[in-house]
Structures are given as C-alpha cells and as structure tokens.
Amino acid sequence: MAVSSSQILSPLHFNFYSNTNDTSKKISFLTANPLTFNISSKSANTKKGSSIILFSYKSGSGLTAEDKKKEGKKKGKVNEIVAEEEAKPPRTTHKLLQVLGGDAKRKKLLSPKGMDVRPMMEVVKGAAFDILQAADGCPASLRLGRWLDLYSGTGSVGIEAISRGCSEVHFVEMDPWVISNVLRPNLECTGFLDISVIHPVRVETFLEHADQFVGSNGPFDYISVTPPYTQVDYGTLMAQISKSAIVGEDTFIVVEYPFRTDMLDSCGCLGKIKDRRFGRTHLAIYGPKWAQKKRNSDKTLQNTA
C-alpha cells in the first residue's frame, strides 16, 4: 500500500476560475465551508495557471460525543493498517525457476522471495507434463491447444505449456505486483507475451463469468489448478470448475493439492487418469474418456508382455 505525502482531497472537488482581480468574496465563501477546493486565478496577485488549494474545516462539526468516539476508532484502524503496510519489507524477486523442456528450455524465470507466491516444484511440474504428453498420445510435446493457468503466480506452468507446444495460454492472477514484476517479465524474457492473455481477476470471478472469457473458442484443452493450499476449499473449487464453460469432453486438468485432501475420482465428464504423491504435495490429473481407455489398454499390454 503506497501512502502519498500529498493532502487527501474531499470527495466533493470544485474548480473555480476567475478573470477578476478580486477573489476575496470567493475565498471568504470557501473558508466558511469544510470542503477542499482548487481555485485557478488569473489575477495580478497570482501566476497565470497556478492553483491555490484551500483547506478549511469547522471545529464545531456537529458531531455528538458518541460520533466522535466512532470517528476516532475508525482513524485508529486506518493508522494501524498504514503502519502495518509500512512495516512490511519491500517485495523482491530472484531467479530460482527454469523452463524444463521445449523451445524455452533452461530459460530462468523470476519468482517472489518469501512465501507470498508458492510456485509448483520443478519435480512436480516435470512429472505433470510427462503424464500429460503420454496420455495425450504425443510423448515428445503437447498438441496445439489452449491452456488455462489458474492461480498462475509466476506463470511457470503456463510458460512450460507454451514452450512444449501449446498455441495460446491464459493466465489468471489477481495480484497486480506479481503481474507487473514477475509474470509479465517472465513472458517477455521467454518471448511468449504475444500468445498470452493475462486476466487480472480472482479465479472465482473468472469461473463465474467463464462464458464471457471462453467466447466462441469453446472449452480449454488444458487447465492447471495450483491454488494456495490454505486459502481454498478444494471440493467447492473443483465443483465450480466442473460446471463451468472452461471444461469440455476433451479437456485435461492438472491439480496440485496438499496431503490429506480428498479428491474425487471425476471432475464433471472427466475421469482421474493419475494421482501421484511428492512428499506433502499431490498431483491429480483428470482427462477425457478416450485417454482413460488408452491408459487401461496400455496397462493390459504391459501385463501380457
């Protein structure tokens, strides 16, 4: 939260322009009112185009003792919030992530220091794309398609998708600082900004208005869901995703979730293809019926070999 050193103007803000040499009447009128005004005067006593800002108030504002107490409490809360924001150290970035495969392989990516944003571990990300590519019938790369990166943060998952063959990625991230200082620079340094769309909204809002975002292009081919563990209810979130326009019969969904979280075996018309554990992190992948059949047939071949 940035705190400006300039005065805070009243919501009622008026401009007065005078061509006369006498503004005393106007000034005396203004000083009798507890508002803030800008007066631009072209008189001999002021420079042309300069502004005079008058701040005035009435000591007897008509507030009761109870009203004054409430006002004091409100101001106290504001001061506490400002002090808390000022006490926080400035947010900084470092380059600990990298693209694992495809056209941008080994490119370094920015991520915020601290725990404000928790990127997917590289071992988890690598496994997710290996499983997806195998399930999709193209082990070397992803097929051309549209990827939706929910809770994108650094954008490392969506960037990996573009690098491995996706034609377009939509990033949903609500933190303006992360977008400006992490996500957008990562897209610029990898050269993927032109085929990316950034949605600076909450994921819940995006899903509620999915019809508008999807448009005539139809459902997404791939969706990654990597939320902050403690801030979402996975049951509610997955139910909302399954009922939205972003999911189609041929969609693949990658979900990262914490240990001891119950994940259903299906997400709408999609079934669970894989569920793997990496320490306290789990990875669930949902896919279309034809991918599930292919997986079952592969298992049968392995057993008979």
# chains A, B, ... in the order shown; residues from 1 in each chain; ligands from 1

$ residues_around --residues "Phe220 (chain A)" --least-positions-apart "5" --cutoff "12 Å" --atoms "only C-alpha atoms" --output "ChimeraX atom specification"
/A:144-150,166-170,210-211,213-215,241,244-253

$ select_by_dssp --residues "region 90-287 of chain A" --states "strand (DSSP E or B)" --output "VMD selection string"
chain A and resid 93 to 98 108 to 112 146 to 150 168 to 172 196 to 199 222 to 225 252 to 258 266 to 267 270 to 278 281 to 287

$ closest_residue --among "A:Val232, A:Leu264, A:Leu270, A:Val254" --to "Leu132 (chain A)" --atoms "only C-alpha atoms"
A:Val254

$ closest_residue --among "A:Leu237, A:Leu96, A:Leu283, A:Ala291" --to "Gly126 (chain A)" --atoms "only C-alpha atoms"
A:Leu283

$ atom_distance --atom1 "CA of Gly218 (chain A)" --atom2 "CA of Asp233 (chain A)"
26.7 Å

$ residues_around --residues "Phe171 (chain A)" --least-positions-apart "5" --cutoff "10 Å" --atoms "only C-alpha atoms" --output "ChimeraX atom specification"
/A:147-155,157-159,179,183,196-201,224

$ decode --residues "region 131-269 of chain A" --atoms "C-alpha atoms" --output "PDB file, in the first residue's frame"
ATOM      1  CA  ILE A 131       1.992 -37.682 -17.776  1.00  0.00           C
ATOM      2  CA  LEU A 132       0.005 -35.257 -19.928  1.00  0.00           C
ATOM      3  CA  GLN A 133       2.098 -35.833 -23.024  1.00  0.00           C
ATOM      4  CA  ALA A 134       1.885 -39.606 -22.656  1.00  0.00           C
ATOM      5  CA  ALA A 135      -1.872 -39.540 -22.012  1.00  0.00           C
ATOM      6  CA  ASP A 136      -2.383 -37.242 -24.982  1.00  0.00           C
ATOM      7  CA  GLY A 137      -0.580 -39.673 -27.294  1.00  0.00           C
ATOM      8  CA  CYS A 138       2.368 -37.382 -28.036  1.00  0.00           C
ATOM      9  CA  PRO A 139       5.256 -38.085 -25.612  1.00  0.00           C
ATOM     10  CA  ALA A 140       7.622 -35.563 -27.219  1.00  0.00           C
ATOM     11  CA  SER A 141       5.399 -32.484 -26.839  1.00  0.00           C
ATOM     12  CA  LEU A 142       1.894 -31.174 -26.214  1.00  0.00           C
ATOM     13  CA  ARG A 143      -0.584 -30.922 -29.070  1.00  0.00           C
ATOM     14  CA  LEU A 144      -1.575 -27.491 -30.290  1.00  0.00           C
ATOM     15  CA  GLY A 145      -4.259 -26.143 -27.996  1.00  0.00           C
ATOM     16  CA  ARG A 146      -5.289 -23.551 -25.447  1.00  0.00           C
ATOM     17  CA  TRP A 147      -4.054 -23.744 -21.839  1.00  0.00           C
ATOM     18  CA  LEU A 148      -5.707 -22.061 -18.842  1.00  0.00           C
ATOM     19  CA  ASP A 149      -3.356 -21.408 -15.908  1.00  0.00           C
ATOM     20  CA  LEU A 150      -5.478 -20.735 -12.799  1.00  0.00           C
ATOM     21  CA  TYR A 151      -3.698 -19.126  -9.807  1.00  0.00           C
ATOM     22  CA  SER A 152      -0.826 -18.591 -12.231  1.00  0.00           C
ATOM     23  CA  GLY A 153       1.526 -16.604  -9.941  1.00  0.00           C
ATOM     24  CA  THR A 154       4.939 -16.734 -11.652  1.00  0.00           C
ATOM     25  CA  GLY A 155       3.369 -18.236 -14.764  1.00  0.00           C
ATOM     26  CA  SER A 156       5.873 -21.111 -14.763  1.00  0.00           C
ATOM     27  CA  VAL A 157       3.243 -23.770 -15.561  1.00  0.00           C
ATOM     28  CA  GLY A 158       1.648 -21.848 -18.420  1.00  0.00           C
ATOM     29  CA  ILE A 159       5.060 -20.870 -19.803  1.00  0.00           C
ATOM     30  CA  GLU A 160       6.103 -24.536 -19.722  1.00  0.00           C
ATOM     31  CA  ALA A 161       2.947 -25.321 -21.699  1.00  0.00           C
ATOM     32  CA  ILE A 162       3.767 -22.780 -24.423  1.00  0.00           C
ATOM     33  CA  SER A 163       7.362 -23.979 -24.566  1.00  0.00           C
ATOM     34  CA  ARG A 164       6.145 -27.552 -25.122  1.00  0.00           C
ATOM     35  CA  GLY A 165       3.728 -26.777 -27.914  1.00  0.00           C
ATOM     36  CA  CYS A 166       0.564 -25.019 -26.734  1.00  0.00           C
ATOM     37  CA  SER A 167      -0.577 -22.296 -29.103  1.00  0.00           C
ATOM     38  CA  GLU A 168      -2.101 -19.939 -26.504  1.00  0.00           C
ATOM     39  CA  VAL A 169      -2.148 -19.614 -22.709  1.00  0.00           C
ATOM     40  CA  HIS A 170      -4.492 -17.655 -20.455  1.00  0.00           C
ATOM     41  CA  PHE A 171      -3.098 -16.654 -17.065  1.00  0.00           C
ATOM     42  CA  VAL A 172      -5.448 -15.828 -14.174  1.00  0.00           C
ATOM     43  CA  GLU A 173      -3.665 -13.874 -11.439  1.00  0.00           C
ATOM     44  CA  MET A 174      -5.181 -11.247  -9.124  1.00  0.00           C
ATOM     45  CA  ASP A 175      -2.015  -9.738  -7.545  1.00  0.00           C
ATOM     46  CA  PRO A 176      -1.019  -6.579  -9.506  1.00  0.00           C
ATOM     47  CA  TRP A 177       2.532  -6.624  -8.104  1.00  0.00           C
ATOM     48  CA  VAL A 178       3.080 -10.224  -9.210  1.00  0.00           C
ATOM     49  CA  ILE A 179       1.700  -9.447 -12.683  1.00  0.00           C
ATOM     50  CA  SER A 180       3.927  -6.383 -13.148  1.00  0.00           C
ATOM     51  CA  ASN A 181       7.119  -7.643 -11.529  1.00  0.00           C
ATOM     52  CA  VAL A 182       7.064 -11.397 -12.120  1.00  0.00           C
ATOM     53  CA  LEU A 183       4.516 -12.789 -14.590  1.00  0.00           C
ATOM     54  CA  ARG A 184       4.812 -10.218 -17.373  1.00  0.00           C
ATOM     55  CA  PRO A 185       8.662 -10.067 -17.238  1.00  0.00           C
ATOM     56  CA  ASN A 186       8.755 -13.887 -17.418  1.00  0.00           C
ATOM     57  CA  LEU A 187       6.580 -13.833 -20.539  1.00  0.00           C
ATOM     58  CA  GLU A 188       8.735 -11.118 -22.075  1.00  0.00           C
ATOM     59  CA  CYS A 189      12.051 -12.882 -21.419  1.00  0.00           C
ATOM     60  CA  THR A 190      10.761 -16.145 -22.917  1.00  0.00           C
ATOM     61  CA  GLY A 191       9.246 -14.377 -25.919  1.00  0.00           C
ATOM     62  CA  PHE A 192       5.742 -15.688 -25.183  1.00  0.00           C
ATOM     63  CA  LEU A 193       3.944 -12.430 -24.366  1.00  0.00           C
ATOM     64  CA  ASP A 194       2.261 -12.168 -27.790  1.00  0.00           C
ATOM     65  CA  ILE A 195       0.494 -15.533 -27.429  1.00  0.00           C
ATOM     66  CA  SER A 196      -0.516 -14.988 -23.810  1.00  0.00           C
ATOM     67  CA  VAL A 197      -3.593 -13.426 -22.220  1.00  0.00           C
ATOM     68  CA  ILE A 198      -3.441 -12.164 -18.627  1.00  0.00           C
ATOM     69  CA  HIS A 199      -6.685 -11.934 -16.645  1.00  0.00           C
ATOM     70  CA  PRO A 200      -6.115  -9.775 -13.504  1.00  0.00           C
ATOM     71  CA  VAL A 201      -9.124 -11.155 -11.612  1.00  0.00           C
ATOM     72  CA  ARG A 202      -9.915 -13.625  -8.869  1.00  0.00           C
ATOM     73  CA  VAL A 203     -10.257 -17.221 -10.039  1.00  0.00           C
ATOM     74  CA  GLU A 204     -13.782 -17.383  -8.587  1.00  0.00           C
ATOM     75  CA  THR A 205     -14.767 -14.341 -10.654  1.00  0.00           C
ATOM     76  CA  PHE A 206     -13.210 -15.825 -13.778  1.00  0.00           C
ATOM     77  CA  LEU A 207     -15.151 -19.059 -13.325  1.00  0.00           C
ATOM     78  CA  GLU A 208     -18.417 -17.225 -12.635  1.00  0.00           C
ATOM     79  CA  HIS A 209     -18.064 -15.381 -15.961  1.00  0.00           C
ATOM     80  CA  ALA A 210     -16.424 -18.236 -17.870  1.00  0.00           C
ATOM     81  CA  ASP A 211     -18.858 -17.899 -20.794  1.00  0.00           C
ATOM     82  CA  GLN A 212     -17.557 -14.393 -21.498  1.00  0.00           C
ATOM     83  CA  PHE A 213     -13.892 -15.405 -21.278  1.00  0.00           C
ATOM     84  CA  VAL A 214     -14.271 -18.573 -23.348  1.00  0.00           C
ATOM     85  CA  GLY A 215     -16.245 -16.876 -26.109  1.00  0.00           C
ATOM     86  CA  SER A 216     -16.525 -18.647 -29.449  1.00  0.00           C
ATOM     87  CA  ASN A 217     -13.326 -20.650 -28.930  1.00  0.00           C
ATOM     88  CA  GLY A 218     -15.039 -23.215 -26.748  1.00  0.00           C
ATOM     89  CA  PRO A 219     -13.566 -25.020 -23.725  1.00  0.00           C
ATOM     90  CA  PHE A 220      -9.847 -25.047 -22.981  1.00  0.00           C
ATOM     91  CA  ASP A 221      -7.738 -28.047 -23.981  1.00  0.00           C
ATOM     92  CA  TYR A 222      -5.673 -27.969 -20.784  1.00  0.00           C
ATOM     93  CA  ILE A 223      -6.257 -26.440 -17.344  1.00  0.00           C
ATOM     94  CA  SER A 224      -3.782 -26.194 -14.473  1.00  0.00           C
ATOM     95  CA  VAL A 225      -5.070 -25.593 -10.933  1.00  0.00           C
ATOM     96  CA  THR A 226      -2.351 -24.634  -8.436  1.00  0.00           C
ATOM     97  CA  PRO A 227      -4.032 -22.613  -5.648  1.00  0.00           C
ATOM     98  CA  PRO A 228      -2.599 -21.523  -2.299  1.00  0.00           C
ATOM     99  CA  TYR A 229      -3.364 -24.621  -0.217  1.00  0.00           C
ATOM    100  CA  THR A 230      -4.837 -22.961   2.859  1.00  0.00           C
ATOM    101  CA  GLN A 231      -6.993 -20.399   1.065  1.00  0.00           C
ATOM    102  CA  VAL A 232      -9.317 -22.629  -0.952  1.00  0.00           C
ATOM    103  CA  ASP A 233     -11.865 -25.352  -0.369  1.00  0.00           C
ATOM    104  CA  TYR A 234     -10.938 -27.968  -2.966  1.00  0.00           C
ATOM    105  CA  GLY A 235     -14.402 -29.532  -3.006  1.00  0.00           C
ATOM    106  CA  THR A 236     -16.052 -26.197  -3.778  1.00  0.00           C
ATOM    107  CA  LEU A 237     -13.360 -25.182  -6.259  1.00  0.00           C
ATOM    108  CA  MET A 238     -13.438 -28.424  -8.268  1.00  0.00           C
ATOM    109  CA  ALA A 239     -17.246 -28.388  -8.326  1.00  0.00           C
ATOM    110  CA  GLN A 240     -17.198 -24.861  -9.722  1.00  0.00           C
ATOM    111  CA  ILE A 241     -14.618 -25.829 -12.354  1.00  0.00           C
ATOM    112  CA  SER A 242     -16.538 -28.963 -13.405  1.00  0.00           C
ATOM    113  CA  LYS A 243     -19.729 -26.976 -14.025  1.00  0.00           C
ATOM    114  CA  SER A 244     -18.122 -24.071 -15.895  1.00  0.00           C
ATOM    115  CA  ALA A 245     -17.743 -23.483 -19.627  1.00  0.00           C
ATOM    116  CA  ILE A 246     -13.955 -23.857 -19.469  1.00  0.00           C
ATOM    117  CA  VAL A 247     -14.225 -27.684 -19.344  1.00  0.00           C
ATOM    118  CA  GLY A 248     -15.079 -29.824 -22.358  1.00  0.00           C
ATOM    119  CA  GLU A 249     -15.124 -33.534 -23.170  1.00  0.00           C
ATOM    120  CA  ASP A 250     -11.503 -33.434 -24.420  1.00  0.00           C
ATOM    121  CA  THR A 251     -10.054 -31.268 -21.638  1.00  0.00           C
ATOM    122  CA  PHE A 252      -7.163 -32.315 -19.403  1.00  0.00           C
ATOM    123  CA  ILE A 253      -6.974 -30.854 -15.866  1.00  0.00           C
ATOM    124  CA  VAL A 254      -3.840 -30.815 -13.694  1.00  0.00           C
ATOM    125  CA  VAL A 255      -4.499 -30.205  -9.984  1.00  0.00           C
ATOM    126  CA  GLU A 256      -1.861 -29.711  -7.312  1.00  0.00           C
ATOM    127  CA  TYR A 257      -3.223 -30.323  -3.812  1.00  0.00           C
ATOM    128  CA  PRO A 258      -1.878 -30.893  -0.286  1.00  0.00           C
ATOM    129  CA  PHE A 259      -1.544 -34.110   1.710  1.00  0.00           C
ATOM    130  CA  ARG A 260      -4.763 -35.347   3.382  1.00  0.00           C
ATOM    131  CA  THR A 261      -7.106 -33.664   0.909  1.00  0.00           C
ATOM    132  CA  ASP A 262      -9.876 -35.797  -0.555  1.00  0.00           C
ATOM    133  CA  MET A 263     -10.084 -35.511  -4.334  1.00  0.00           C
ATOM    134  CA  LEU A 264     -12.963 -37.080  -6.244  1.00  0.00           C
ATOM    135  CA  ASP A 265     -12.348 -39.658  -8.961  1.00  0.00           C
ATOM    136  CA  SER A 266     -14.053 -37.444 -11.519  1.00  0.00           C
ATOM    137  CA  CYS A 267     -14.437 -33.794 -12.444  1.00  0.00           C
ATOM    138  CA  GLY A 268     -17.618 -33.384 -14.423  1.00  0.00           C
ATOM    139  CA  CYS A 269     -17.322 -35.522 -17.563  1.00  0.00           C
TER     140      CYS A 269
END
